[in-house]
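J.: I'd like to ask you about the structure that follows.
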Amino acid sequence: ALSTSMTALTTALLAVIASLKLTFARSLSLGSAIGDILSKPALRYGTPILKTHLDDDYHKWIEPTIMYACRAVSMSIAFWLQQIISAVHSAVQGGQLFTASLCRYLRKYGISTFDPDTSNLDEMAGYVVAVLGLGWQVRGKSICICCLFLAAQHINPINHRHCSSSIGLPSSSRLCCCH
């Protein structure tokens with residue numbers, strides 16, 4: 001049993017590593033291709049301007065500098081876009097997994113008789129959770145955690161000026177959107 005578990009864990013780890021390498025390579029090649037496309041007009045318009053402002057000794061470096069600058073900027077943009085795509089994907093997938101697991105849990109313990117196969121309510125709830133998860137990722141995980149604690153405790157979340165300290169954290173922490 002331990003051997004099977006270790007094999008499954010190793011296989012999953014290798015799949016994650018391969019996926020990350022593929023995503024990195026895809027972003028790198030996309031950035032490079034966009035940089036090549038952007039370098040043509042940048043060379044056309046940037047070279048004459050730089051030639052008038054630079055000494056003759058530096059003219060040989062104008063073309064490679066413009067080309068590498070275009071590639072660097074476009075690769076940065078490609079990696080930024082990949083972060084957004086990954087954040088949206090993980091939010092949607094996480095929202096669906098959360099609601100499916102919640103429905104199974106509630107059915108298992110007899111709390112609900114909701115059947116997710118006959119309704120779209122679990123998918124809609126999954127999208128709501130996905131939007132919350134995306135907001136969590138986009139805002140740097142600083143969304144109002146204390147508001148979630150307060151909502152879970154059925155306390156009015158409007159009056160929570162010192163909610164960070166009410167959960168044992170310093171008031172200077174970025175756990176609340178009201179600070």
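Simple scheme: letters A, B, ... for chains in structure tokens order, numbers from 1 for residues in each chain, numbers from 1 for ligands in the order shown.
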Determine, counting only C-alpha atoms, which protein, DNA and RNA residues have an atom within 10 Å of an atom of Ser90 in chain A; residues of the same chain fewer than 4 positions away are not included. Present the result as an MDAnalysis selection string.
T.: chainID A and resid 84:86 94:96 130 133:134 137
J.: Please determine, counting only C-alpha atoms, which residue among A:Gln82, A:Ser101, A:Gln93, A:Asn120 has the shortest atom-to-atom distance to Leu28 in chain A.
T.: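 Smallest separation from Leu28 in chain A among the options: A:Gln82.
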J.: Give me the residues near Lys40 in chain A as a PyMOL selection string, where near means some atom within 9 Å (using only C-alpha atoms) and where sequence neighbours in that chain fewer than 5 positions away do not count.
T.: chain A and resi 35+45+67
J.: If you run DSSP on the backbone, which residues of range 15-166 of chain A are helix (DSSP H, G or I), as number ranges by chain?
T.: A: 15-53, 56-108, 116-118, 121-138, 145-152, 163-166
J.: Counting only C-alpha atoms, what is within 10 Å of Ala69 in chain A, bar same-chain residues fewer than 5 positions away, as a list of chain:residue names?
T.: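 Once the adjacent positions are removed, what remains is A:Gly35, A:Leu38, A:Ser39, A:Ala42, A:Glu63, A:Pro64, A:Ser74, A:Met75.
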